[in-house]
$ cat run_3.pdb   # PDB, C-alpha atoms and all ligand atoms
MODEL        1
ATOM      1  CA  MET A   1     -21.257   1.882   3.028
ATOM      2  CA  ARG A   2     -17.685   0.584   3.406
ATOM      3  CA  ASN A   3     -14.330   2.274   3.990
ATOM      4  CA  PHE A   4     -10.841   0.959   3.223
ATOM      5  CA  LEU A   5      -8.474   2.286   5.882
ATOM      6  CA  VAL A   6      -6.534  -0.908   6.601
ATOM      7  CA  VAL A   7      -6.224  -4.151   4.633
ATOM      8  CA  GLU A   8      -8.407  -6.034   7.100
ATOM      9  CA  ASP A   9     -11.361  -3.790   6.277
ATOM     10  CA  LEU A  10     -11.865  -6.338   3.489
ATOM     11  CA  THR A  11     -12.275 -10.056   4.143
ATOM     12  CA  PRO A  12     -10.096 -12.445   2.096
ATOM     13  CA  GLN A  13     -13.176 -13.212  -0.027
ATOM     14  CA  GLU A  14     -13.784  -9.503  -0.612
ATOM     15  CA  ILE A  15     -10.123  -9.019  -1.597
ATOM     16  CA  GLU A  16     -10.646 -11.791  -4.153
ATOM     17  CA  GLY A  17     -13.738  -9.922  -5.360
ATOM     18  CA  VAL A  18     -11.747  -6.697  -5.806
ATOM     19  CA  PHE A  19      -8.990  -8.613  -7.645
ATOM     20  CA  SER A  20     -11.534 -10.154  -9.957
ATOM     21  CA  ILE A  21     -13.072  -6.765 -10.882
ATOM     22  CA  SER A  22      -9.547  -5.340 -11.283
ATOM     23  CA  GLN A  23      -8.553  -8.168 -13.598
ATOM     24  CA  ASP A  24     -11.661  -7.716 -15.711
ATOM     25  CA  LEU A  25     -11.135  -3.954 -15.998
ATOM     26  CA  GLU A  26      -7.407  -4.410 -16.700
ATOM     27  CA  THR A  27      -8.149  -6.831 -19.539
ATOM     28  CA  LYS A  28     -10.654  -4.393 -21.035
ATOM     29  CA  TYR A  29      -8.259  -1.438 -20.569
ATOM     30  CA  LYS A  30      -5.510  -3.324 -22.392
ATOM     31  CA  ALA A  31      -7.946  -4.052 -25.226
ATOM     32  CA  GLY A  32      -8.624  -0.319 -25.494
ATOM     33  CA  VAL A  33     -12.000  -0.469 -23.731
ATOM     34  CA  ARG A  34     -12.874   1.970 -20.932
ATOM     35  CA  ASP A  35     -15.798   0.646 -18.912
ATOM     36  CA  ALA A  36     -17.630   3.839 -17.937
ATOM     37  CA  LEU A  37     -19.335   2.292 -14.912
ATOM     38  CA  PHE A  38     -19.678   5.535 -12.937
ATOM     39  CA  PRO A  39     -20.451   8.544 -15.155
ATOM     40  CA  GLY A  40     -20.718  11.767 -13.193
ATOM     41  CA  ARG A  41     -19.216  10.313 -10.007
ATOM     42  CA  VAL A  42     -16.479  12.307  -8.307
ATOM     43  CA  LEU A  43     -13.533  11.161  -6.196
ATOM     44  CA  ALA A  44     -11.847  13.703  -3.899
ATOM     45  CA  LEU A  45      -8.150  13.224  -3.164
ATOM     46  CA  VAL A  46      -7.207  14.901   0.117
ATOM     47  CA  PHE A  47      -3.413  14.746   0.348
ATOM     48  CA  GLU A  48      -1.133  16.027   3.123
ATOM     49  CA  LYS A  49       1.998  14.414   1.655
ATOM     50  CA  GLN A  50       3.687  14.131  -1.733
ATOM     51  CA  SER A  51       2.629  11.470  -4.229
ATOM     52  CA  LEU A  52       3.072  10.410  -7.840
ATOM     53  CA  ARG A  53       1.750   6.856  -8.155
ATOM     54  CA  THR A  54      -1.185   6.992  -5.745
ATOM     55  CA  ARG A  55      -2.455  10.357  -6.885
ATOM     56  CA  VAL A  56      -2.188   9.749 -10.630
ATOM     57  CA  SER A  57      -3.422   6.150 -10.514
ATOM     58  CA  PHE A  58      -6.548   7.192  -8.595
ATOM     59  CA  GLN A  59      -7.179  10.131 -10.925
ATOM     60  CA  THR A  60      -6.759   8.121 -14.117
ATOM     61  CA  ALA A  61      -8.785   5.223 -12.691
ATOM     62  CA  MET A  62     -11.681   7.571 -12.037
ATOM     63  CA  VAL A  63     -11.533   9.024 -15.559
ATOM     64  CA  HIS A  64     -11.497   5.510 -17.059
ATOM     65  CA  LEU A  65     -14.581   4.662 -14.993
ATOM     66  CA  GLY A  66     -16.380   7.617 -16.565
ATOM     67  CA  GLY A  67     -16.116   9.877 -13.528
ATOM     68  CA  SER A  68     -13.676  12.561 -12.448
ATOM     69  CA  SER A  69     -11.550  13.577  -9.490
ATOM     70  CA  LEU A  70     -10.545  16.637  -7.503
ATOM     71  CA  PHE A  71      -7.078  16.974  -6.043
ATOM     72  CA  LEU A  72      -7.246  18.834  -2.716
ATOM     73  CA  GLY A  73      -3.868  19.825  -1.314
ATOM     74  CA  GLU A  74      -2.711  22.067   1.501
ATOM     75  CA  ASP A  75      -4.804  25.044   0.360
ATOM     76  CA  THR A  76      -7.994  23.402   1.655
ATOM     77  CA  GLY A  77      -6.666  23.720   5.204
ATOM     78  CA  PHE A  78      -7.355  20.052   5.909
ATOM     79  CA  ALA A  79      -6.228  18.945   9.414
ATOM     80  CA  THR A  80      -5.142  22.462  10.352
ATOM     81  CA  THR A  81      -6.683  25.061  12.635
ATOM     82  CA  ARG A  82      -8.875  26.348   9.766
ATOM     83  CA  GLU A  83     -11.725  23.989  10.601
ATOM     84  CA  SER A  84     -12.346  20.697  12.352
ATOM     85  CA  ILE A  85     -11.924  17.401  10.507
ATOM     86  CA  GLU A  86     -15.532  16.680  11.449
ATOM     87  CA  ASP A  87     -16.827  19.763   9.611
ATOM     88  CA  PHE A  88     -14.443  19.206   6.694
ATOM     89  CA  SER A  89     -15.611  15.619   6.280
ATOM     90  CA  ARG A  90     -19.331  16.287   6.629
ATOM     91  CA  VAL A  91     -19.177  19.057   4.027
ATOM     92  CA  LEU A  92     -16.836  17.390   1.532
ATOM     93  CA  SER A  93     -18.885  14.212   1.522
ATOM     94  CA  GLU A  94     -21.951  16.228   0.469
ATOM     95  CA  TYR A  95     -20.137  17.077  -2.799
ATOM     96  CA  VAL A  96     -18.341  13.865  -3.781
ATOM     97  CA  ASP A  97     -18.982  10.119  -4.019
ATOM     98  CA  CYS A  98     -15.734   8.854  -2.516
ATOM     99  CA  ILE A  99     -12.701  10.307  -0.690
ATOM    100  CA  ALA A 100      -9.092   9.078  -0.851
ATOM    101  CA  CYS A 101      -6.892  10.586   1.835
ATOM    102  CA  ARG A 102      -3.114  10.593   2.354
ATOM    103  CA  SER A 103      -2.376  11.859   5.816
ATOM    104  CA  LYS A 104       0.502  12.389   8.207
ATOM    105  CA  SER A 105      -1.426  10.627  10.929
ATOM    106  CA  HIS A 106      -3.601   7.524  10.653
ATOM    107  CA  SER A 107      -6.007   8.885  13.259
ATOM    108  CA  THR A 108      -6.750  11.830  10.943
ATOM    109  CA  ILE A 109      -8.023   9.410   8.272
ATOM    110  CA  GLU A 110     -10.037   7.550  10.905
ATOM    111  CA  GLN A 111     -11.635  10.856  11.923
ATOM    112  CA  LEU A 112     -12.350  11.739   8.309
ATOM    113  CA  ALA A 113     -14.013   8.344   7.801
ATOM    114  CA  LYS A 114     -16.024   8.626  11.006
ATOM    115  CA  PHE A 115     -17.823  11.752   9.823
ATOM    116  CA  SER A 116     -17.988  11.038   6.079
ATOM    117  CA  SER A 117     -21.218   9.973   4.420
ATOM    118  CA  VAL A 118     -19.272   8.471   1.485
ATOM    119  CA  PRO A 119     -16.564   5.737   1.415
ATOM    120  CA  VAL A 120     -13.100   6.811   2.564
ATOM    121  CA  VAL A 121      -9.943   5.132   1.268
ATOM    122  CA  ASN A 122      -6.552   5.356   2.959
ATOM    123  CA  ALA A 123      -4.095   6.533   0.296
ATOM    124  CA  LEU A 124      -1.202   6.138   2.815
ATOM    125  CA  SER A 125      -0.827   7.042   6.454
ATOM    126  CA  ASP A 126       2.043   6.698   8.895
ATOM    127  CA  PHE A 127       0.455   3.388   9.978
ATOM    128  CA  SER A 128      -0.591   1.683   6.755
ATOM    129  CA  HIS A 129      -0.688   1.731   2.966
ATOM    130  CA  PRO A 130      -3.421  -0.771   2.139
ATOM    131  CA  CYS A 131      -3.870   0.163  -1.546
ATOM    132  CA  GLN A 132      -0.192  -0.565  -2.085
ATOM    133  CA  ALA A 133      -0.462  -4.000  -0.479
ATOM    134  CA  LEU A 134      -3.485  -4.939  -2.599
ATOM    135  CA  ALA A 135      -1.708  -3.971  -5.821
ATOM    136  CA  ASP A 136       1.457  -5.800  -4.750
ATOM    137  CA  LEU A 137      -0.265  -9.096  -4.042
ATOM    138  CA  TYR A 138      -2.295  -8.766  -7.246
ATOM    139  CA  THR A 139       1.045  -8.304  -9.057
ATOM    140  CA  LEU A 140       2.628 -11.293  -7.358
ATOM    141  CA  ARG A 141      -0.309 -13.520  -8.131
ATOM    142  CA  ARG A 142      -0.301 -12.514 -11.780
ATOM    143  CA  HIS A 143       3.430 -13.238 -11.876
ATOM    144  CA  VAL A 144       3.521 -16.563 -10.012
ATOM    145  CA  GLY A 145      -0.012 -17.830 -10.640
ATOM    146  CA  ARG A 146      -0.991 -18.225  -6.974
ATOM    147  CA  LEU A 147      -0.443 -16.754  -3.496
ATOM    148  CA  ASP A 148      -1.320 -19.499  -1.041
ATOM    149  CA  GLY A 149       1.774 -21.030   0.584
ATOM    150  CA  LEU A 150       4.283 -18.533  -0.866
ATOM    151  CA  THR A 151       6.989 -16.903   1.286
ATOM    152  CA  PHE A 152       7.086 -13.107   1.179
ATOM    153  CA  VAL A 153      10.189 -11.463   2.652
ATOM    154  CA  PHE A 154      10.288  -7.762   3.479
ATOM    155  CA  VAL A 155      13.862  -6.556   4.026
ATOM    156  CA  GLY A 156      13.902  -3.150   5.717
ATOM    157  CA  ASP A 157      11.846  -0.909   7.953
ATOM    158  CA  GLY A 158       8.751  -2.383   9.630
ATOM    159  CA  ASN A 159       6.817   0.639   8.347
ATOM    160  CA  ASN A 160       3.379   1.459   6.885
ATOM    161  CA  VAL A 161       4.001  -0.573   3.724
ATOM    162  CA  ALA A 162       5.447  -3.554   5.636
ATOM    163  CA  ARG A 163       2.484  -3.590   8.049
ATOM    164  CA  SER A 164      -0.087  -3.628   5.256
ATOM    165  CA  LEU A 165       1.798  -6.327   3.368
ATOM    166  CA  ALA A 166       2.103  -8.443   6.518
ATOM    167  CA  VAL A 167      -1.653  -8.316   7.087
ATOM    168  CA  ALA A 168      -2.450  -9.001   3.430
ATOM    169  CA  CYS A 169      -0.035 -11.964   3.277
ATOM    170  CA  CYS A 170      -1.379 -13.475   6.496
ATOM    171  CA  LEU A 171      -5.000 -13.076   5.387
ATOM    172  CA  LEU A 172      -4.253 -14.706   2.034
ATOM    173  CA  GLY A 173      -2.442 -17.756   3.423
ATOM    174  CA  MET A 174       1.162 -16.707   2.810
ATOM    175  CA  ARG A 175       4.223 -16.810   5.058
ATOM    176  CA  PHE A 176       5.588 -13.341   5.870
ATOM    177  CA  ILE A 177       9.106 -12.635   7.135
ATOM    178  CA  LEU A 178      10.373  -9.202   8.175
ATOM    179  CA  ALA A 179      14.176  -8.899   8.133
ATOM    180  CA  ALA A 180      15.072  -5.708   9.991
ATOM    181  CA  PRO A 181      17.235  -4.371  12.796
ATOM    182  CA  LYS A 182      15.611  -5.153  16.161
ATOM    183  CA  ASN A 183      14.523  -1.565  16.798
ATOM    184  CA  TYR A 184      12.707  -1.381  13.476
ATOM    185  CA  GLN A 185      10.710  -4.604  13.691
ATOM    186  CA  PHE A 186       6.957  -4.804  14.388
ATOM    187  CA  ASP A 187       5.982  -4.055  17.963
ATOM    188  CA  ARG A 188       4.096  -6.388  20.281
ATOM    189  CA  SER A 189       0.694  -4.760  19.727
ATOM    190  CA  PHE A 190       0.957  -5.115  15.946
ATOM    191  CA  LYS A 191       1.935  -8.795  16.259
ATOM    192  CA  GLN A 192      -1.058  -9.344  18.554
ATOM    193  CA  ARG A 193      -3.284  -7.589  16.037
ATOM    194  CA  ILE A 194      -2.122  -9.972  13.277
ATOM    195  CA  MET A 195      -2.586 -13.086  15.425
ATOM    196  CA  LYS A 196      -6.113 -11.941  16.242
ATOM    197  CA  LEU A 197      -6.928 -11.382  12.579
ATOM    198  CA  ALA A 198      -5.343 -14.614  11.362
ATOM    199  CA  PRO A 199      -4.700 -17.082  14.204
ATOM    200  CA  ASP A 200      -2.839 -19.428  11.806
ATOM    201  CA  ALA A 201      -0.637 -16.614  10.486
ATOM    202  CA  GLN A 202       2.916 -17.576   9.621
ATOM    203  CA  ILE A 203       4.778 -14.409  10.518
ATOM    204  CA  GLU A 204       8.417 -14.162  11.569
ATOM    205  CA  GLN A 205      10.904 -11.421  12.315
ATOM    206  CA  THR A 206      14.661 -11.738  12.113
ATOM    207  CA  GLU A 207      17.852  -9.714  11.931
ATOM    208  CA  ASN A 208      19.324 -12.246   9.492
ATOM    209  CA  ALA A 209      18.403 -11.078   5.970
ATOM    210  CA  VAL A 210      20.433 -13.800   4.232
ATOM    211  CA  ALA A 211      18.627 -16.624   6.030
ATOM    212  CA  ALA A 212      15.272 -14.833   5.561
ATOM    213  CA  VAL A 213      15.434 -14.644   1.752
ATOM    214  CA  LYS A 214      16.432 -18.298   1.203
ATOM    215  CA  ASP A 215      12.870 -19.561   0.548
ATOM    216  CA  ALA A 216      11.520 -16.262  -0.757
ATOM    217  CA  THR A 217       9.130 -16.047  -3.662
ATOM    218  CA  ALA A 218       9.292 -12.268  -3.313
ATOM    219  CA  VAL A 219      11.873  -9.968  -1.729
ATOM    220  CA  TYR A 220      10.475  -6.509  -1.033
ATOM    221  CA  THR A 221      12.024  -3.343   0.283
ATOM    222  CA  ASP A 222      11.089   0.298   0.862
ATOM    223  CA  VAL A 223      12.938   3.468   1.841
ATOM    224  CA  TRP A 224      14.697   3.420   5.197
ATOM    225  CA  ALA A 225      13.248   6.829   6.181
ATOM    226  CA  SER A 226       9.627   7.376   5.215
ATOM    227  CA  MET A 227       7.949  10.732   4.595
ATOM    228  CA  GLY A 228       7.946  12.562   7.929
ATOM    229  CA  GLN A 229      11.108  10.780   9.153
ATOM    230  CA  GLU A 230      13.593  12.901   7.203
ATOM    231  CA  LYS A 231      15.357  14.041  10.370
ATOM    232  CA  GLU A 232      16.196  10.405  11.219
ATOM    233  CA  ARG A 233      17.836   9.709   7.866
ATOM    234  CA  ALA A 234      21.445   9.528   9.060
ATOM    235  CA  ILE A 235      20.736   7.305  12.026
ATOM    236  CA  ARG A 236      18.522   5.040   9.918
ATOM    237  CA  GLN A 237      21.178   4.755   7.202
ATOM    238  CA  ASP A 238      23.602   3.396   9.791
ATOM    239  CA  ALA A 239      21.066   0.926  11.164
ATOM    240  CA  PHE A 240      19.831  -0.336   7.788
ATOM    241  CA  SER A 241      23.022  -0.446   5.686
ATOM    242  CA  PRO A 242      23.512  -4.208   6.375
ATOM    243  CA  PHE A 243      19.958  -4.714   5.018
ATOM    244  CA  GLN A 244      20.558  -3.330   1.519
ATOM    245  CA  VAL A 245      18.985  -5.451  -1.221
ATOM    246  CA  ASN A 246      21.903  -5.990  -3.577
ATOM    247  CA  SER A 247      23.261  -8.771  -5.794
ATOM    248  CA  THR A 248      24.988 -10.473  -2.857
ATOM    249  CA  LEU A 249      21.709 -10.775  -0.946
ATOM    250  CA  MET A 250      19.683 -11.732  -4.040
ATOM    251  CA  SER A 251      22.223 -14.452  -4.972
ATOM    252  CA  ASN A 252      20.601 -16.419  -2.114
ATOM    253  CA  CYS A 253      17.241 -16.431  -3.943
ATOM    254  CA  PRO A 254      17.884 -16.377  -7.705
ATOM    255  CA  ASN A 255      14.267 -17.307  -8.511
ATOM    256  CA  ALA A 256      12.628 -14.679  -6.301
ATOM    257  CA  VAL A 257      11.021 -11.549  -7.700
ATOM    258  CA  PHE A 258      12.202  -8.191  -6.419
ATOM    259  CA  MET A 259       9.503  -5.709  -5.380
ATOM    260  CA  HIS A 260       9.502  -2.082  -4.199
ATOM    261  CA  CYS A 261       6.569   0.293  -3.747
ATOM    262  CA  LEU A 262       8.614   3.246  -5.109
ATOM    263  CA  PRO A 263       9.839   5.925  -4.836
ATOM    264  CA  ALA A 264      13.238   4.281  -4.262
ATOM    265  CA  ARG A 265      16.459   5.731  -2.949
ATOM    266  CA  ARG A 266      18.801   3.921  -5.312
ATOM    267  CA  GLY A 267      22.099   3.042  -3.656
ATOM    268  CA  GLU A 268      20.483   2.952  -0.207
ATOM    269  CA  GLU A 269      17.836   0.241   0.318
ATOM    270  CA  VAL A 270      18.384  -1.200  -3.195
ATOM    271  CA  THR A 271      21.111  -1.098  -5.809
ATOM    272  CA  ASP A 272      20.571  -0.173  -9.478
ATOM    273  CA  GLU A 273      21.475  -3.670 -10.665
ATOM    274  CA  ILE A 274      18.620  -5.182  -8.629
ATOM    275  CA  ILE A 275      15.904  -2.600  -9.213
ATOM    276  CA  ASP A 276      16.720  -2.529 -12.942
ATOM    277  CA  GLY A 277      17.550  -6.244 -13.174
ATOM    278  CA  SER A 278      15.658  -9.264 -14.472
ATOM    279  CA  GLN A 279      14.164 -10.160 -11.062
ATOM    280  CA  SER A 280      12.510  -6.746 -10.650
ATOM    281  CA  VAL A 281       8.767  -6.188 -11.172
ATOM    282  CA  VAL A 282       8.638  -2.642  -9.775
ATOM    283  CA  VAL A 283       7.147  -0.971 -12.857
ATOM    284  CA  THR A 284       4.409  -3.619 -13.104
ATOM    285  CA  GLN A 285       3.619  -3.022  -9.420
ATOM    286  CA  ALA A 286       3.250   0.693 -10.094
ATOM    287  CA  ALA A 287       1.090   0.039 -13.168
ATOM    288  CA  ASN A 288      -1.130  -2.294 -11.173
ATOM    289  CA  ARG A 289      -1.866   0.434  -8.638
ATOM    290  CA  MET A 290      -4.229   1.865 -11.254
ATOM    291  CA  HIS A 291      -5.911  -1.424 -12.146
ATOM    292  CA  VAL A 292      -6.437  -2.485  -8.541
ATOM    293  CA  GLN A 293      -7.621   0.928  -7.335
ATOM    294  CA  LYS A 294     -10.054   0.927 -10.235
ATOM    295  CA  GLY A 295     -11.341  -2.423  -8.982
ATOM    296  CA  LEU A 296     -11.469  -1.116  -5.416
ATOM    297  CA  LEU A 297     -13.342   2.069  -6.390
ATOM    298  CA  ALA A 298     -15.808   0.054  -8.465
ATOM    299  CA  TRP A 299     -16.352  -2.324  -5.525
ATOM    300  CA  LEU A 300     -16.808   0.503  -3.003
ATOM    301  CA  LEU A 301     -19.225   2.297  -5.331
ATOM    302  CA  GLY A 302     -21.366  -0.809  -5.578
ATOM    303  CA  HIS A 303     -20.173  -2.780  -8.626
ATOM    304  CA  ARG A 304     -20.092  -6.444  -7.564
TER     305      ARG A 304
HETATM  306  N1  LIG P   1       4.043   3.871  -3.841
HETATM  307  C1  LIG P   1       3.424   5.051  -3.652
HETATM  308  O1  LIG P   1       2.480   5.177  -2.884
HETATM  309  O2  LIG P   1       3.953   6.070  -4.392
HETATM  310  P1  LIG P   1       3.558   7.612  -4.257
HETATM  311  O3  LIG P   1       4.055   8.063  -2.916
HETATM  312  O4  LIG P   1       4.283   8.285  -5.390
HETATM  313  O5  LIG P   1       2.085   7.749  -4.353
HETATM  314  N1  LIG P   2       7.131   4.161   3.501
HETATM  315  C1  LIG P   2       7.058   5.166   2.480
HETATM  316  C2  LIG P   2       6.149   4.718   1.386
HETATM  317  C3  LIG P   2       5.979   5.683   0.245
HETATM  318  C4  LIG P   2       5.069   5.177  -0.807
HETATM  319  C5  LIG P   2       6.575   6.477   3.095
HETATM  320  O1  LIG P   2       5.656   6.442   3.917
HETATM  321  O2  LIG P   2       7.128   7.517   2.762
ENDMDL
END

$ encode --input "run_3.pdb" --output "structure tokens"
Amino acid sequence: MRNFLVVEDLTPQEIEGVFSISQDLETKYKAGVRDALFPGRVLALVFEKQSLRTRVSFQTAMVHLGGSSLFLGEDTGFATTRESIEDFSRVLSEYVDCIACRSKSHSTIEQLAKFSSVPVVNALSDFSHPCQALADLYTLRRHVGRLDGLTFVFVGDGNNVARSLAVACCLLGMRFILAAPKNYQFDRSFKQRIMKLAPDAQIEQTENAVAAVKDATAVYTDVWASMGQEKERAIRQDAFSPFQVNSTLMSNCPNAVFMHCLPARRGEEVTDEIIDGSQSVVVTQAANRMHVQKGLLAWLLGHR
């Protein structure tokens, strides 16, 4: 049994395997075919934070696969004093075939996985957002035709999404650049983690966003204050305002695609003209969350 808590829980070859199932199921979906691979199987979604894309794409994916899903919000008492995560996990995994969890703390998902008898998927934590990174690189590959050797530039906070993208890019042979204020770049332990995973990784950090985007195939950004960081919004706005992705910045890379995980704070990390402009692939990224999570669920449930 396998979990998917961080990108590196899959090898590069396994990521390719998930992409290949996703592509097959996407082609069938677009032809009006729903491949009911898992009738009667149930996915539980245990969410401690808000969600549109992740929640709905997992739920629809499961229906298309012939199964169903249960959305479990705050009323289950997950990660509260009501009961231990150990008990919660052992019991829930008696009822369902897979669990996707969005948690305030990465260690909560690790605990859930430790005691679960069914696969656990990280649907976003403060540390990582691996499902997002898979869908994003699937999107980029569909758009450009390849991944190897491309330069991926993340302009903004070195957050959960940036970490997962950095790992995914390094595992798949891409160059990754984070352009961020010094205090919001990756820390030493994360850089060491990447170098251990991919000793040949091409990963850079800079405070110069203009220089960073020059060779970019993709320019990506995310909100400056993630869920749980609302109190830091004002201070983060000051720090990140020189890192806005706008037409001045994108004029340095007219052939790059613009990417964003959404939800976006228009007028902060990105302007309307860029997110709605011809370089933007944000809606395709969101759509691909469903196709790639369908591929991931199928893979985790044994379809190879
Ligand atoms: N990108 C993403 O994870 O969106 P949601 O928070 O709406 O799920
Ligand atoms: N970094 C954002 C991503 C939302 C999909 C957050 O954690 O809120």

$ resolve_selection --input "run_3.pdb" --expression "the PyMOL selection byres (((chain A and resi 168) around 12) and not hetatm)" --output "PyMOL selection string"
chain A and resi 6-12+15-16+128-138+147-148+152+161-167+169-176+194+197-198+201-203

$ atom_distance --input "run_3.pdb" --atom1 "atom CA of A:Gly40" --atom2 "atom CA of A:Gly73"
22.1 Å

$ residues_near_ligand --input "run_3.pdb" --ligand "ligand LIG 1 (chain P)" --cutoff "6 Å" --atoms "only C-alpha atoms and all ligand atoms" --output "list in words"
Ser51, Leu52, Arg53, Thr54, Arg55, Cys261, Leu262 and Pro263 of chain A

$ closest_residue --input "run_3.pdb" --among "A:Leu45, A:Ala216, A:Val210, A:Leu300" --to "A:Phe78" --atoms "only C-alpha atoms"
A:Leu45

$ closest_residue --input "run_3.pdb" --among "A:Met259, A:Ile177, A:Val63, A:Leu5" --to "A:Phe127" --atoms "only C-alpha atoms"
A:Leu5

$ resolve_selection --input "run_3.pdb" --expression "the PyMOL selection byres (((chain A and resi 117) around 6) and not hetatm)" --output "list in words"
Ser93, Ser116 and Val118 of chain A

$ closest_residue --input "run_3.pdb" --among "A:Thr139, A:Asn3, A:Ala218, A:Asp126" --to "A:Met290" --atoms "only C-alpha atoms"
A:Thr139

$ resolve_selection --input "run_3.pdb" --expression "the PyMOL selection byres (((chain A and resi 255) around 12) and not hetatm)" --output "PyMOL selection string"
chain A and resi 144+213-219+250-254+256-258+278-280

$ closest_residue --input "run_3.pdb" --among "A:Gln13, A:Ser103, A:Gln285, A:Asn246" --to "A:Asp272" --atoms "only C-alpha atoms"
A:Asn246

$ closest_residue --input "run_3.pdb" --among "A:Asn208, A:Ser247, A:Ser105, A:Thr271" --to "ligand LIG 2 (chain P)" --atoms "only C-alpha atoms and all ligand atoms"
A:Ser105

$ build_atoms --input "run_3.pdb" --residues "stretch 40-46 of chain A" --atoms "all heavy atoms" --output "short mmCIF file (atom, residue, chain, number, x, y, z; two decimals), in the coordinates of the input"
data_model
loop_
_atom_site.label_atom_id
_atom_site.label_comp_id
_atom_site.auth_asym_id
_atom_site.auth_seq_id
_atom_site.Cartn_x
_atom_site.Cartn_y
_atom_site.Cartn_z
N GLY A 40 -20.29 10.69 -14.09
CA GLY A 40 -20.72 11.77 -13.19
C GLY A 40 -20.28 11.61 -11.75
O GLY A 40 -20.48 12.51 -10.95
N ARG A 41 -19.67 10.48 -11.40
CA ARG A 41 -19.22 10.31 -10.01
C ARG A 41 -17.87 11.02 -9.81
O ARG A 41 -17.04 11.07 -10.71
CB ARG A 41 -19.06 8.83 -9.66
CG ARG A 41 -20.30 8.01 -9.87
CD ARG A 41 -21.35 8.28 -8.80
NE ARG A 41 -22.45 7.33 -8.95
CZ ARG A 41 -22.52 6.19 -8.28
NH1 ARG A 41 -21.61 5.86 -7.40
NH2 ARG A 41 -23.53 5.37 -8.49
N VAL A 42 -17.68 11.52 -8.59
CA VAL A 42 -16.48 12.31 -8.31
C VAL A 42 -15.73 11.73 -7.11
O VAL A 42 -16.33 11.43 -6.07
CB VAL A 42 -16.85 13.79 -8.02
CG1 VAL A 42 -15.59 14.61 -7.75
CG2 VAL A 42 -17.61 14.38 -9.20
N LEU A 43 -14.42 11.59 -7.28
CA LEU A 43 -13.53 11.16 -6.20
C LEU A 43 -12.72 12.37 -5.74
O LEU A 43 -12.13 13.07 -6.57
CB LEU A 43 -12.56 10.08 -6.72
CG LEU A 43 -11.39 9.72 -5.80
CD1 LEU A 43 -11.87 8.93 -4.58
CD2 LEU A 43 -10.34 8.89 -6.57
N ALA A 44 -12.70 12.63 -4.44
CA ALA A 44 -11.85 13.70 -3.90
C ALA A 44 -10.58 13.07 -3.35
O ALA A 44 -10.62 12.07 -2.64
CB ALA A 44 -12.57 14.46 -2.79
N LEU A 45 -9.44 13.68 -3.68
CA LEU A 45 -8.15 13.22 -3.16
C LEU A 45 -7.65 14.28 -2.19
O LEU A 45 -7.31 15.39 -2.61
CB LEU A 45 -7.16 13.06 -4.31
CG LEU A 45 -7.52 11.98 -5.33
CD1 LEU A 45 -7.01 12.34 -6.71
CD2 LEU A 45 -6.94 10.64 -4.91
N VAL A 46 -7.64 13.95 -0.92
CA VAL A 46 -7.21 14.90 0.12
C VAL A 46 -5.81 14.46 0.55
O VAL A 46 -5.65 13.43 1.20
CB VAL A 46 -8.17 14.87 1.32
CG1 VAL A 46 -7.73 15.86 2.39
CG2 VAL A 46 -9.60 15.15 0.88
#
